[in-house]
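**Student:** Sending over entry.csv (CSV, C-alpha atoms).
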```csv
chain,number,residue,atom,x,y,z
A,1,MET,CA,-18.6,7.9,-16.4
A,2,ILE,CA,-16.4,8.0,-13.4
A,3,ILE,CA,-13.9,5.3,-12.6
A,4,CYS,CA,-11.2,4.9,-10.0
A,5,ILE,CA,-7.9,3.4,-11.3
A,6,GLY,CA,-5.0,1.9,-9.4
A,7,ALA,CA,-1.8,3.4,-11.0
A,8,GLY,CA,0.7,1.0,-9.5
A,9,PRO,CA,3.4,1.4,-6.9
A,10,GLY,CA,5.1,4.5,-8.3
A,11,ASP,CA,6.3,3.7,-11.8
A,12,ILE,CA,4.2,4.2,-14.9
A,13,GLY,CA,5.5,0.9,-16.2
A,14,TYR,CA,3.2,-0.9,-13.7
A,15,LEU,CA,0.1,0.8,-14.9
A,16,THR,CA,-2.2,-1.6,-16.8
A,17,GLN,CA,-3.0,-1.0,-20.5
A,18,ARG,CA,-6.7,-0.6,-19.7
A,19,GLY,CA,-5.9,2.0,-17.0
A,20,ALA,CA,-3.7,3.9,-19.5
A,21,GLN,CA,-6.4,3.9,-22.1
A,22,LEU,CA,-9.0,5.2,-19.7
A,23,ILE,CA,-6.7,8.1,-18.6
A,24,ALA,CA,-6.0,8.9,-22.2
A,25,ASP,CA,-9.7,9.1,-23.0
A,26,ALA,CA,-10.7,11.2,-19.9
A,27,ASP,CA,-12.1,14.7,-19.7
A,28,LEU,CA,-10.9,15.0,-16.1
A,29,VAL,CA,-8.2,13.3,-14.2
A,30,ALA,CA,-8.0,13.7,-10.4
A,31,GLY,CA,-5.8,12.4,-7.6
A,32,PHE,CA,-3.1,13.2,-5.1
A,33,ASP,CA,-0.1,15.1,-6.4
A,34,ALA,CA,2.3,12.2,-6.1
A,35,VAL,CA,0.0,9.9,-8.0
A,36,LEU,CA,-0.8,12.4,-10.8
A,37,ALA,CA,3.0,12.8,-11.3
A,38,VAL,CA,3.2,9.1,-12.1
A,39,VAL,CA,0.7,9.3,-15.0
A,40,GLN,CA,1.3,12.9,-16.1
A,41,SER,CA,2.8,11.9,-19.4
A,42,ILE,CA,-0.4,10.2,-20.6
A,43,ILE,CA,-2.9,12.7,-19.4
A,44,PRO,CA,-4.4,14.4,-22.6
A,45,GLU,CA,-3.7,18.1,-22.9
A,46,ARG,CA,-7.5,18.8,-23.2
A,47,ALA,CA,-8.2,17.1,-19.8
A,48,GLU,CA,-8.9,19.1,-16.7
A,49,ILE,CA,-6.6,18.1,-13.8
A,50,VAL,CA,-7.8,18.2,-10.2
A,51,LYS,CA,-5.0,17.9,-7.6
A,52,MET,CA,-5.7,17.3,-4.0
A,53,GLY,CA,-4.0,16.5,-0.6
A,54,TYR,CA,-5.2,15.1,2.6
A,55,ARG,CA,-6.6,18.4,3.8
A,56,ASP,CA,-8.6,19.5,0.8
A,57,GLN,CA,-9.6,16.1,-0.7
A,58,VAL,CA,-13.3,16.4,0.2
A,59,ALA,CA,-13.7,19.8,-1.4
A,60,GLN,CA,-11.7,18.7,-4.5
A,61,LEU,CA,-13.7,15.5,-4.9
A,62,ASP,CA,-16.8,17.6,-4.9
A,63,LEU,CA,-15.4,19.3,-8.0
A,64,VAL,CA,-14.9,15.9,-9.6
A,65,ALA,CA,-18.4,14.8,-8.7
A,66,ARG,CA,-19.9,17.9,-10.3
A,67,ALA,CA,-18.0,17.2,-13.5
A,68,HIS,CA,-19.1,13.6,-13.5
A,69,HIS,CA,-22.8,14.6,-13.0
A,70,ALA,CA,-22.4,17.1,-15.9
A,71,GLY,CA,-21.5,14.1,-18.2
A,72,LYS,CA,-17.8,14.3,-18.3
A,73,LYS,CA,-15.5,11.2,-18.4
A,74,CYS,CA,-13.8,11.4,-15.0
A,75,VAL,CA,-10.9,9.3,-13.7
A,76,VAL,CA,-9.6,9.3,-10.1
A,77,VAL,CA,-6.1,7.8,-9.9
A,78,PHE,CA,-4.9,5.9,-6.8
A,79,MET,CA,-1.5,4.7,-5.9
A,80,GLY,CA,-1.1,1.0,-5.8
A,81,ASP,CA,-4.3,-1.0,-5.6
A,82,ILE,CA,-7.6,0.6,-4.8
A,83,HIS,CA,-8.8,-2.2,-2.5
A,84,PHE,CA,-5.7,-2.3,-0.3
A,85,SER,CA,-4.7,1.0,1.3
A,86,GLY,CA,-6.9,3.1,-1.0
A,87,PHE,CA,-10.3,1.8,0.2
A,88,GLN,CA,-11.1,4.7,2.5
A,89,TYR,CA,-10.3,7.1,-0.3
A,90,LEU,CA,-12.7,5.1,-2.6
A,91,GLU,CA,-15.4,5.6,0.0
A,92,ARG,CA,-14.8,9.4,-0.1
A,93,VAL,CA,-15.1,9.3,-3.9
A,94,GLU,CA,-18.4,7.5,-3.7
A,95,ARG,CA,-19.7,9.8,-0.9
A,96,ALA,CA,-19.0,12.8,-3.1
A,97,CYS,CA,-20.7,11.2,-6.2
A,98,GLY,CA,-23.6,9.9,-4.2
A,99,HIS,CA,-23.4,6.4,-5.6
A,100,PRO,CA,-21.0,3.4,-6.1
A,101,VAL,CA,-18.4,4.0,-8.8
A,102,ASP,CA,-16.5,1.6,-11.1
A,103,THR,CA,-12.9,0.5,-10.2
A,104,LEU,CA,-10.0,-0.8,-12.1
A,105,PRO,CA,-7.4,-2.5,-9.8
A,106,GLY,CA,-3.7,-1.9,-10.2
A,107,ILE,CA,-0.5,-3.6,-9.2
A,108,SER,CA,0.2,-3.1,-5.5
A,109,SER,CA,3.5,-2.6,-3.7
A,110,ALA,CA,2.7,-5.8,-1.8
A,111,GLN,CA,2.8,-7.7,-5.0
A,112,ILE,CA,6.0,-6.2,-6.1
A,113,LEU,CA,7.6,-6.9,-2.7
A,114,ALA,CA,6.4,-10.5,-2.7
A,115,SER,CA,8.1,-10.9,-6.1
A,116,ARG,CA,11.4,-9.3,-5.1
A,117,ALA,CA,11.6,-11.0,-1.7
A,118,LYS,CA,10.4,-14.3,-3.1
A,119,VAL,CA,7.7,-15.0,-0.6
A,120,CYS,CA,4.5,-17.0,-1.5
A,121,PHE,CA,1.3,-14.9,-1.1
A,122,ASP,CA,-0.7,-17.8,0.3
A,123,GLU,CA,1.8,-18.1,3.1
A,124,THR,CA,1.8,-14.4,3.7
A,125,THR,CA,-0.7,-12.0,5.3
A,126,PHE,CA,-0.9,-8.4,4.0
A,127,ILE,CA,-1.7,-5.7,6.6
A,128,THR,CA,-1.9,-1.9,6.0
A,129,PHE,CA,-1.7,0.7,8.7
A,130,HIS,CA,-2.1,3.4,6.1
A,131,ARG,CA,-5.6,4.2,7.3
A,132,ARG,CA,-7.4,6.7,9.5
A,133,GLY,CA,-9.1,5.5,12.7
A,134,ASP,CA,-8.2,3.1,15.4
A,135,LEU,CA,-5.2,0.9,14.4
A,136,THR,CA,-5.5,-1.4,17.5
A,137,PRO,CA,-7.4,-4.2,15.8
A,138,PHE,CA,-4.9,-4.3,13.0
A,139,LYS,CA,-2.0,-4.3,15.4
A,140,ARG,CA,-3.4,-7.2,17.2
A,141,HIS,CA,-4.0,-9.0,13.9
A,142,LEU,CA,-0.3,-8.6,13.1
A,143,VAL,CA,0.7,-10.2,16.4
A,144,HIS,CA,-1.6,-13.2,15.6
A,145,VAL,CA,-0.2,-13.5,12.1
A,146,LEU,CA,3.4,-13.8,13.3
A,147,ASN,CA,2.4,-16.2,16.2
A,148,ASP,CA,0.8,-18.4,13.6
A,149,GLU,CA,4.1,-18.5,11.8
A,150,ARG,CA,3.0,-16.7,8.7
A,151,ASN,CA,5.0,-14.0,6.8
A,152,ALA,CA,3.6,-10.5,7.1
A,153,ILE,CA,3.8,-7.7,4.5
A,154,VAL,CA,3.1,-4.4,6.2
A,155,ILE,CA,2.5,-0.9,5.0
A,156,PRO,CA,3.4,1.5,7.8
A,157,CYS,CA,1.4,4.7,8.8
A,158,PRO,CA,3.6,7.8,8.0
A,159,TRP,CA,1.3,10.5,9.1
A,160,ASP,CA,1.9,13.1,11.9
A,161,ALA,CA,4.0,12.3,14.9
A,162,ALA,CA,1.0,11.6,17.1
A,163,ARG,CA,-0.3,8.8,14.8
A,164,SER,CA,2.9,7.7,13.1
A,165,PHE,CA,3.4,3.9,13.1
A,166,MET,CA,6.5,3.4,11.1
A,167,PRO,CA,8.8,0.3,10.9
A,168,ARG,CA,10.6,1.1,14.2
A,169,HIS,CA,7.3,1.6,16.0
A,170,ILE,CA,5.9,-1.6,14.5
A,171,ALA,CA,8.9,-3.5,15.7
A,172,ALA,CA,8.8,-2.0,19.1
A,173,TYR,CA,5.1,-2.8,19.5
A,174,LEU,CA,5.6,-6.4,18.4
A,175,LEU,CA,8.4,-6.9,20.9
A,176,GLU,CA,6.3,-5.4,23.7
A,177,GLN,CA,3.6,-8.0,22.8
A,178,GLY,CA,6.0,-10.9,23.2
A,179,VAL,CA,6.8,-11.6,19.5
A,180,ALA,CA,10.2,-13.1,19.2
A,181,SER,CA,12.9,-10.6,18.5
A,182,ASP,CA,14.8,-12.7,15.9
A,183,HIS,CA,12.1,-12.6,13.2
A,184,PRO,CA,14.0,-11.8,9.9
A,185,THR,CA,12.8,-8.4,8.9
A,186,GLU,CA,13.2,-6.3,5.7
A,187,VAL,CA,12.3,-2.8,4.8
A,188,TRP,CA,12.1,-1.7,1.2
A,189,GLU,CA,11.9,2.0,0.1
A,190,ASN,CA,10.8,3.2,-3.3
A,191,LEU,CA,10.4,-0.3,-4.7
A,192,THR,CA,10.2,0.8,-8.3
A,193,GLY,CA,13.0,3.3,-8.2
A,194,ASN,CA,16.4,3.3,-6.6
A,195,GLU,CA,15.1,1.1,-3.8
A,196,ALA,CA,16.9,1.1,-0.5
A,197,GLU,CA,16.7,-2.4,1.0
A,198,TRP,CA,17.4,-3.1,4.6
A,199,ARG,CA,17.7,-6.5,6.3
A,200,GLY,CA,17.9,-7.4,9.9
A,201,THR,CA,15.7,-8.6,12.7
A,202,LEU,CA,12.8,-7.1,14.6
A,203,ALA,CA,15.2,-6.2,17.4
A,204,ASP,CA,17.5,-4.4,14.9
A,205,CYS,CA,14.6,-2.5,13.3
A,206,VAL,CA,13.7,-0.7,16.5
A,207,ALA,CA,16.7,1.7,16.1
A,208,ARG,CA,16.3,2.4,12.4
A,209,GLU,CA,14.6,5.3,10.6
A,210,PHE,CA,12.9,4.9,7.2
A,211,THR,CA,11.2,7.2,4.8
A,212,ASP,CA,7.4,7.5,4.2
A,213,MET,CA,7.8,5.3,1.1
A,214,SER,CA,8.6,2.2,3.2
A,215,ILE,CA,7.1,-1.2,3.0
A,216,MET,CA,8.0,-3.9,5.5
A,217,LEU,CA,8.4,-7.7,5.4
A,218,ILE,CA,8.5,-9.7,8.6
A,219,ARG,CA,9.3,-13.3,7.8
A,220,THR,CA,8.2,-16.3,9.7
A,221,ARG,CA,11.0,-18.0,11.7
A,222,ALA,CA,9.8,-21.4,10.5
A,223,PRO,CA,12.4,-23.0,8.2
A,224,MET,CA,11.8,-22.8,4.4
A,225,PRO,CA,11.8,-26.2,2.6
A,226,SER,CA,15.2,-25.4,1.0
A,227,GLN,CA,16.6,-24.9,4.6
A,228,ILE,CA,15.4,-28.2,5.9
A,229,GLU,CA,18.2,-30.8,5.9
A,230,ALA,CA,17.5,-33.7,3.6
A,231,PRO,CA,17.1,-37.1,5.3
A,232,PRO,CA,20.1,-39.4,5.0
A,233,GLU,CA,20.0,-41.9,2.1
A,234,ALA,CA,18.9,-45.4,3.0
A,235,VAL,CA,21.7,-47.7,3.4
```
Before anything else, please render the file you have as structure tokens.
**Tutor:**
Amino acid sequence: MIICIGAGPGDIGYLTQRGAQLIADADLVAGFDAVLAVVQSIIPERAEIVKMGYRDQVAQLDLVARAHHAGKKCVVVFMGDIHFSGFQYLERVERACGHPVDTLPGISSAQILASRAKVCFDETTFITFHRRGDLTPFKRHLVHVLNDERNAIVIPCPWDAARSFMPRHIAAYLLEQGVASDHPTEVWENLTGNEAEWRGTLADCVAREFTDMSIMLIRTRAPMPSQIEAPPEAV
């Protein structure tokens, strides 16, 4: 057996009961260091732990695949939800194993943010830039989302300076594309810990620096129902 599990947005309290049980029953638990740290307390002592980073993930996943093909129960742990920012990593797991693998979704940072910021998911588009490859289509999609007067929850790209697309870069790009500068904007850091919440506008965001743990909310400028003035009572 091999299964990929979404561990939540950084706090073990957001791990599902089913995910916790699969980790507790595993012979091998693999993942990036930061994700393994979240679930460390429930990994059984007998289990082998395979840690990896961006540079050695392919070689380390080969070790996981060998253990899987040898009949061991293997779990690969993802931060957040596998089918959001983790989809490219899932493809690497399947490539290493040579076949599709089972997945167990987790709670994503987008869901936590929507709850804390009180935005409705069906009025909001979620876009992640935390991916390898050309970001241009996703950047264009974000422009269309805002022009269509929808909220946008955005996960930035925190990688090396050449490819970094953090909140200030996102804000600058949107302004260059003619998106209105007064869109209410929020940046949340470490949602499940001592979160740092910032509020302003797209114009304000251009000058701000945020950590790699950031997630961004750009609100529509359309008035919310509670902000619309009630019609005068009939005389």
**Student:** Near Ala7 of chain A, counting only C-alpha atoms, which residues have an atom at most 8 Å away, once you skip same-chain residues fewer than 2 positions from it, shown as a ChimeraX atom specification?
**Tutor:** /A:5,9-10,12,14-16,19,35,38-39,77-81,106-107
**Student:** Applying 7 Å and only C-alpha atoms, which residues near segment 41-57 of chain A remain after dropping the ones on its own chain fewer than 6 positions away? List them as a VMD selection string.
**Tutor:** chain A and resid 23 to 24 26 to 33
**Student:** Give me the residues near Arg116 of chain A as a PyMOL selection string, where near means some atom within 12 Å (using only C-alpha atoms) and where sequence neighbours in that chain fewer than 3 positions away do not count.
**Tutor:** chain A and resi 109-113+119-120+186-188+191-192+195+197+217
**Student:** Write to file, as a PDB file, in the coordinates of the input, the residues of the selection just made, with C-alpha atoms.
**Tutor:**
```pdb
ATOM      1  CA  SER A 109       3.500  -2.600  -3.700  1.00  0.00           C
ATOM      2  CA  ALA A 110       2.700  -5.800  -1.800  1.00  0.00           C
ATOM      3  CA  GLN A 111       2.800  -7.700  -5.000  1.00  0.00           C
ATOM      4  CA  ILE A 112       6.000  -6.200  -6.100  1.00  0.00           C
ATOM      5  CA  LEU A 113       7.600  -6.900  -2.700  1.00  0.00           C
ATOM      6  CA  VAL A 119       7.700 -15.000  -0.600  1.00  0.00           C
ATOM      7  CA  CYS A 120       4.500 -17.000  -1.500  1.00  0.00           C
ATOM      8  CA  GLU A 186      13.200  -6.300   5.700  1.00  0.00           C
ATOM      9  CA  VAL A 187      12.300  -2.800   4.800  1.00  0.00           C
ATOM     10  CA  TRP A 188      12.100  -1.700   1.200  1.00  0.00           C
ATOM     11  CA  LEU A 191      10.400  -0.300  -4.700  1.00  0.00           C
ATOM     12  CA  THR A 192      10.200   0.800  -8.300  1.00  0.00           C
ATOM     13  CA  GLU A 195      15.100   1.100  -3.800  1.00  0.00           C
ATOM     14  CA  GLU A 197      16.700  -2.400   1.000  1.00  0.00           C
ATOM     15  CA  LEU A 217       8.400  -7.700   5.400  1.00  0.00           C
TER      16      LEU A 217
END
```
**Student:** Which residues are near Lys72 of chain A? Cut-off 9 Å, all atoms listed in the file, ignore same chain within fewer than 2 positions. Put them as a count of residues only.
**Tutor:** 10
**Student:** What is the distance, in Å and to one decimal place, between atom CA of Val145 of chain A and atom CA of Trp159 of chain A?
**Tutor:** 24.2 Å
**Student:** Have a look at A:Ala207, A:Met213, A:Ala96, A:Ala34 and name the one nearest to Pro158 of chain A; count only C-alpha atoms.
**Tutor:**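 Nearest candidate to Pro158 of chain A out of A:Ala207, A:Met213, A:Ala96, A:Ala34: A:Met213.
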**Student:** Please, what distance in Å, to one decimal, runs between atom CA of Arg132 of chain A and atom CA of His83 of chain A?
**Tutor:**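 A separation of 15.0 Å between them.
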**Student:** Between A:Ala196, A:Arg95, A:Leu104, A:Gly178, single out the one closest to Ala59 of chain A, counting only C-alpha atoms.
**Tutor:**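 Checking each of A:Ala196, A:Arg95, A:Leu104, A:Gly178 against Ala59 of chain A, counting only C-alpha atoms, the winner is A:Arg95.
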**Student:** Calculate how many Å separate atom CA of Asn147 of chain A from atom CA of Arg163 of chain A, rounding to one decimal.
**Tutor:** 25.2 Å
**Student:** At a cut-off of 10 Å, using all atoms listed in the file, what residues contact Ile170 of chain A? Leave out same-chain residues fewer than 2 positions from it and give the result as a list in words.
**Tutor:**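 Once the nearby chain positions are removed, what remains is Phe129, Lys139, Leu142, Val154, Pro156, Cys157, Ser164, Phe165, Met166, Pro167, Arg168, Ala172, Tyr173, Leu174, Leu175, Glu176, Leu202, Cys205, Val206 and Met216 of chain A.
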**Student:** Let me make sure I understand: among A:Leu22, A:Ile218, A:Leu135, A:Ile155, which one has the smallest atom-to-atom distance to Ala171 of chain A if we use all atoms listed in the file?
**Tutor:** A:Ile218
